[in-house]
file input-v6.cif (mmCIF, N, CA and C atoms)
data_data
loop_
_atom_site.label_atom_id
_atom_site.label_comp_id
_atom_site.auth_asym_id
_atom_site.auth_seq_id
_atom_site.Cartn_x
_atom_site.Cartn_y
_atom_site.Cartn_z
N MET A 1 -31.36 -6.29 -13.56
CA MET A 1 -31.18 -6.17 -14.99
C MET A 1 -30.66 -7.49 -15.52
N ALA A 2 -31.15 -7.89 -16.66
CA ALA A 2 -30.68 -9.10 -17.33
C ALA A 2 -30.00 -8.70 -18.63
N HIS A 3 -28.82 -9.24 -18.85
CA HIS A 3 -28.11 -9.00 -20.11
C HIS A 3 -27.76 -10.35 -20.71
N VAL A 4 -28.23 -10.58 -21.92
CA VAL A 4 -27.96 -11.82 -22.63
C VAL A 4 -27.08 -11.46 -23.81
N GLN A 5 -25.95 -12.14 -23.93
CA GLN A 5 -25.03 -11.89 -25.03
C GLN A 5 -24.96 -13.15 -25.88
N ILE A 6 -25.19 -13.00 -27.16
CA ILE A 6 -25.16 -14.14 -28.08
C ILE A 6 -24.03 -13.89 -29.07
N THR A 7 -23.09 -14.82 -29.10
CA THR A 7 -21.97 -14.74 -30.04
C THR A 7 -22.12 -15.88 -31.02
N TRP A 8 -22.05 -15.55 -32.31
CA TRP A 8 -22.22 -16.57 -33.33
C TRP A 8 -21.67 -16.11 -34.66
N VAL A 9 -21.74 -16.99 -35.63
CA VAL A 9 -21.29 -16.66 -36.98
C VAL A 9 -22.53 -16.25 -37.76
N GLY A 10 -22.84 -14.97 -37.68
CA GLY A 10 -23.87 -14.30 -38.45
C GLY A 10 -25.25 -14.91 -38.59
N ARG A 11 -26.22 -14.07 -38.53
CA ARG A 11 -27.61 -14.38 -38.80
C ARG A 11 -28.22 -13.12 -39.42
N THR A 12 -29.42 -13.26 -39.95
CA THR A 12 -30.08 -12.11 -40.56
C THR A 12 -30.67 -11.20 -39.48
N THR A 13 -30.99 -10.00 -39.86
CA THR A 13 -31.63 -9.06 -38.94
C THR A 13 -32.97 -9.62 -38.47
N GLU A 14 -33.71 -10.24 -39.36
CA GLU A 14 -35.01 -10.80 -38.99
C GLU A 14 -34.84 -11.93 -37.97
N GLN A 15 -33.83 -12.78 -38.14
CA GLN A 15 -33.58 -13.84 -37.17
C GLN A 15 -33.24 -13.24 -35.81
N LYS A 16 -32.42 -12.21 -35.80
CA LYS A 16 -32.03 -11.56 -34.54
C LYS A 16 -33.25 -10.94 -33.87
N ARG A 17 -34.11 -10.33 -34.64
CA ARG A 17 -35.33 -9.71 -34.10
C ARG A 17 -36.20 -10.76 -33.40
N LYS A 18 -36.41 -11.88 -34.07
CA LYS A 18 -37.25 -12.94 -33.51
C LYS A 18 -36.61 -13.54 -32.24
N ILE A 19 -35.31 -13.76 -32.30
CA ILE A 19 -34.62 -14.34 -31.14
C ILE A 19 -34.66 -13.38 -29.96
N ALA A 20 -34.44 -12.10 -30.20
CA ALA A 20 -34.49 -11.11 -29.12
C ALA A 20 -35.87 -11.08 -28.49
N GLU A 21 -36.92 -11.16 -29.30
CA GLU A 21 -38.29 -11.18 -28.78
C GLU A 21 -38.53 -12.41 -27.91
N ARG A 22 -38.07 -13.57 -28.37
CA ARG A 22 -38.31 -14.81 -27.63
C ARG A 22 -37.50 -14.89 -26.35
N VAL A 23 -36.24 -14.45 -26.41
CA VAL A 23 -35.41 -14.44 -25.21
C VAL A 23 -36.03 -13.50 -24.17
N THR A 24 -36.47 -12.34 -24.62
CA THR A 24 -37.10 -11.38 -23.73
C THR A 24 -38.36 -11.97 -23.10
N ALA A 25 -39.18 -12.63 -23.91
CA ALA A 25 -40.41 -13.23 -23.39
C ALA A 25 -40.11 -14.28 -22.31
N VAL A 26 -39.10 -15.10 -22.52
CA VAL A 26 -38.75 -16.13 -21.54
C VAL A 26 -38.29 -15.49 -20.24
N LEU A 27 -37.48 -14.45 -20.34
CA LEU A 27 -36.99 -13.78 -19.13
C LEU A 27 -38.12 -13.10 -18.37
N ILE A 28 -39.11 -12.60 -19.08
CA ILE A 28 -40.27 -11.99 -18.42
C ILE A 28 -41.12 -13.07 -17.75
N GLU A 29 -41.42 -14.12 -18.51
CA GLU A 29 -42.32 -15.17 -18.01
C GLU A 29 -41.68 -16.02 -16.92
N ASP A 30 -40.51 -16.53 -17.19
CA ASP A 30 -39.89 -17.49 -16.27
C ASP A 30 -38.93 -16.83 -15.28
N GLY A 31 -38.32 -15.73 -15.69
CA GLY A 31 -37.36 -15.06 -14.82
C GLY A 31 -37.93 -13.90 -14.04
N LYS A 32 -39.20 -13.57 -14.31
CA LYS A 32 -39.89 -12.47 -13.62
C LYS A 32 -39.14 -11.14 -13.76
N ALA A 33 -38.44 -10.97 -14.89
CA ALA A 33 -37.72 -9.72 -15.16
C ALA A 33 -38.68 -8.70 -15.78
N LYS A 34 -38.37 -7.45 -15.61
CA LYS A 34 -39.14 -6.38 -16.24
C LYS A 34 -38.59 -6.16 -17.64
N ARG A 35 -39.49 -6.00 -18.61
CA ARG A 35 -39.11 -5.82 -20.01
C ARG A 35 -38.04 -4.74 -20.17
N GLU A 36 -38.21 -3.63 -19.48
CA GLU A 36 -37.28 -2.51 -19.65
C GLU A 36 -35.88 -2.80 -19.09
N ASN A 37 -35.76 -3.87 -18.33
CA ASN A 37 -34.47 -4.23 -17.74
C ASN A 37 -33.78 -5.37 -18.48
N ILE A 38 -34.31 -5.76 -19.62
CA ILE A 38 -33.73 -6.87 -20.38
C ILE A 38 -32.98 -6.32 -21.58
N HIS A 39 -31.74 -6.74 -21.70
CA HIS A 39 -30.88 -6.32 -22.81
C HIS A 39 -30.35 -7.56 -23.52
N VAL A 40 -30.44 -7.57 -24.83
CA VAL A 40 -29.91 -8.67 -25.62
C VAL A 40 -28.93 -8.08 -26.62
N SER A 41 -27.72 -8.61 -26.66
CA SER A 41 -26.74 -8.13 -27.63
C SER A 41 -26.27 -9.29 -28.49
N PHE A 42 -26.05 -9.00 -29.74
CA PHE A 42 -25.58 -9.99 -30.70
C PHE A 42 -24.18 -9.59 -31.15
N HIS A 43 -23.27 -10.54 -31.06
CA HIS A 43 -21.90 -10.31 -31.51
C HIS A 43 -21.63 -11.26 -32.66
N ASP A 44 -21.64 -10.69 -33.86
CA ASP A 44 -21.42 -11.50 -35.05
C ASP A 44 -19.92 -11.66 -35.28
N VAL A 45 -19.51 -12.91 -35.42
CA VAL A 45 -18.11 -13.22 -35.64
C VAL A 45 -17.97 -13.70 -37.09
N PRO A 46 -17.06 -13.11 -37.86
CA PRO A 46 -16.86 -13.61 -39.22
C PRO A 46 -16.42 -15.08 -39.21
N ALA A 47 -16.86 -15.83 -40.20
CA ALA A 47 -16.50 -17.24 -40.30
C ALA A 47 -14.99 -17.45 -40.36
N THR A 48 -14.27 -16.42 -40.75
CA THR A 48 -12.80 -16.51 -40.80
C THR A 48 -12.18 -16.32 -39.42
N ASN A 49 -12.96 -15.89 -38.44
CA ASN A 49 -12.45 -15.62 -37.10
C ASN A 49 -13.00 -16.55 -36.03
N TYR A 50 -13.60 -17.65 -36.45
CA TYR A 50 -14.23 -18.56 -35.48
C TYR A 50 -13.93 -20.00 -35.89
N ALA A 51 -13.50 -20.79 -34.95
CA ALA A 51 -13.17 -22.19 -35.24
C ALA A 51 -13.93 -23.13 -34.32
N GLU A 52 -14.27 -24.28 -34.84
CA GLU A 52 -14.89 -25.36 -34.08
C GLU A 52 -14.04 -26.60 -34.31
N ALA A 53 -13.68 -27.24 -33.23
CA ALA A 53 -12.87 -28.47 -33.29
C ALA A 53 -11.58 -28.24 -34.09
N GLY A 54 -11.02 -27.04 -33.97
CA GLY A 54 -9.76 -26.74 -34.61
C GLY A 54 -9.84 -26.37 -36.08
N VAL A 55 -11.05 -26.23 -36.62
CA VAL A 55 -11.22 -25.91 -38.03
C VAL A 55 -12.02 -24.61 -38.14
N LEU A 56 -11.47 -23.64 -38.89
CA LEU A 56 -12.21 -22.40 -39.10
C LEU A 56 -13.56 -22.70 -39.73
N VAL A 57 -14.57 -22.00 -39.29
CA VAL A 57 -15.92 -22.21 -39.81
C VAL A 57 -15.95 -22.01 -41.32
N VAL A 58 -15.20 -21.04 -41.81
CA VAL A 58 -15.16 -20.77 -43.25
C VAL A 58 -14.66 -22.00 -44.02
N ASN A 59 -13.90 -22.87 -43.39
CA ASN A 59 -13.36 -24.05 -44.06
C ASN A 59 -14.18 -25.31 -43.83
N GLN A 60 -15.24 -25.20 -43.04
CA GLN A 60 -16.08 -26.36 -42.76
C GLN A 60 -17.12 -26.53 -43.85
N LYS A 61 -17.41 -27.74 -44.15
CA LYS A 61 -18.49 -28.01 -45.09
C LYS A 61 -19.75 -28.20 -44.26
N ARG A 62 -20.62 -27.19 -44.30
CA ARG A 62 -21.82 -27.20 -43.47
C ARG A 62 -23.06 -27.28 -44.35
N THR A 63 -24.06 -27.90 -43.80
CA THR A 63 -25.36 -27.88 -44.46
C THR A 63 -26.28 -27.04 -43.59
N PRO A 64 -27.04 -26.15 -44.21
CA PRO A 64 -27.92 -25.27 -43.44
C PRO A 64 -29.02 -26.02 -42.72
#

call {"tool": "encode", "arguments": {"input": "input-v6.cif", "output": "structure tokens"}}
result
Amino acid sequence: MAHVQITWVGRTTEQKRKIAERVTAVLIEDGKAKRENIHVSFHDVPATNYAEAGVLVVNQKRTP
């Protein structure tokens, strides 16, 4: 069984759907895993609860 956990500061449902499909495809093709044994979980962290380089993401000036 393969379990992939992705932790990040939010994405849309459509982005998650596409990423789950692509991660699954790679594990099938390159990892020789069975589709039914692949699990992908997304853990969305609020920007107020995640920091990079000591600065909360909510306080960072980011460009998309």

call {"tool": "closest_residue", "arguments": {"input": "input-v6.cif", "among": "A:Ala2, A:Val40, A:Ala47, A:Val57", "to": "Lys18 (chain A)", "atoms": "only C-alpha atoms"}}
result
A:Val40

call {"tool": "select_by_dssp", "arguments": {"input": "input-v6.cif", "residues": "chain A", "states": "strand (DSSP E or B)", "output": "list in words"}}
result
Ala2, His3, Val4, Gln5, Ile6, Thr7, Trp8, Ile38, His39, Val40, Ser41, Phe42, His43, Asp44, Ala51, Glu52, Val55 and Leu56 of chain A

call {"tool": "atom_distance", "arguments": {"input": "input-v6.cif", "atom1": "atom N of Val9 (chain A)", "atom2": "CA of Tyr50 (chain A)"}}
result
7.7 Å

call {"tool": "residues_around", "arguments": {"input": "input-v6.cif", "residues": "Asp44 (chain A)", "least_positions_apart": "2", "cutoff": "9 Å", "atoms": "only C-alpha atoms", "output": "ChimeraX atom specification"}}
result
/A:6-11,42,46

call {"tool": "axis_aligned_box", "arguments": {"input": "input-v6.cif", "around": "region 17-36 of chain A", "padding_each_side": "6 Å", "output": "JSON"}}
result
{"center_x": -38.2, "center_y": -10.0, "center_z": -24.1, "size_x": 20.2, "size_y": 27.0, "size_z": 33.0}

call {"tool": "resolve_selection", "arguments": {"input": "input-v6.cif", "expression": "the PyMOL selection byres ((chain A and resi 37) around 6.5)", "output": "PyMOL selection string"}}
result
chain A and resi 1-3+33-36+38-39

call {"tool": "closest_residue", "arguments": {"input": "input-v6.cif", "among": "A:Ser41, A:Arg17, A:Arg22, A:Asn59", "to": "Val4 (chain A)", "atoms": "all atoms listed in the file"}}
result
A:Ser41

call {"tool": "select_by_dssp", "arguments": {"input": "input-v6.cif", "residues": "chain A", "states": "alpha helix (DSSP H)", "output": "PyMOL selection string"}}
result
chain A and resi 13-29

call {"tool": "atom_distance", "arguments": {"input": "input-v6.cif", "atom1": "CA of Leu27 (chain A)", "atom2": "CA of His43 (chain A)"}}
result
19.8 Å
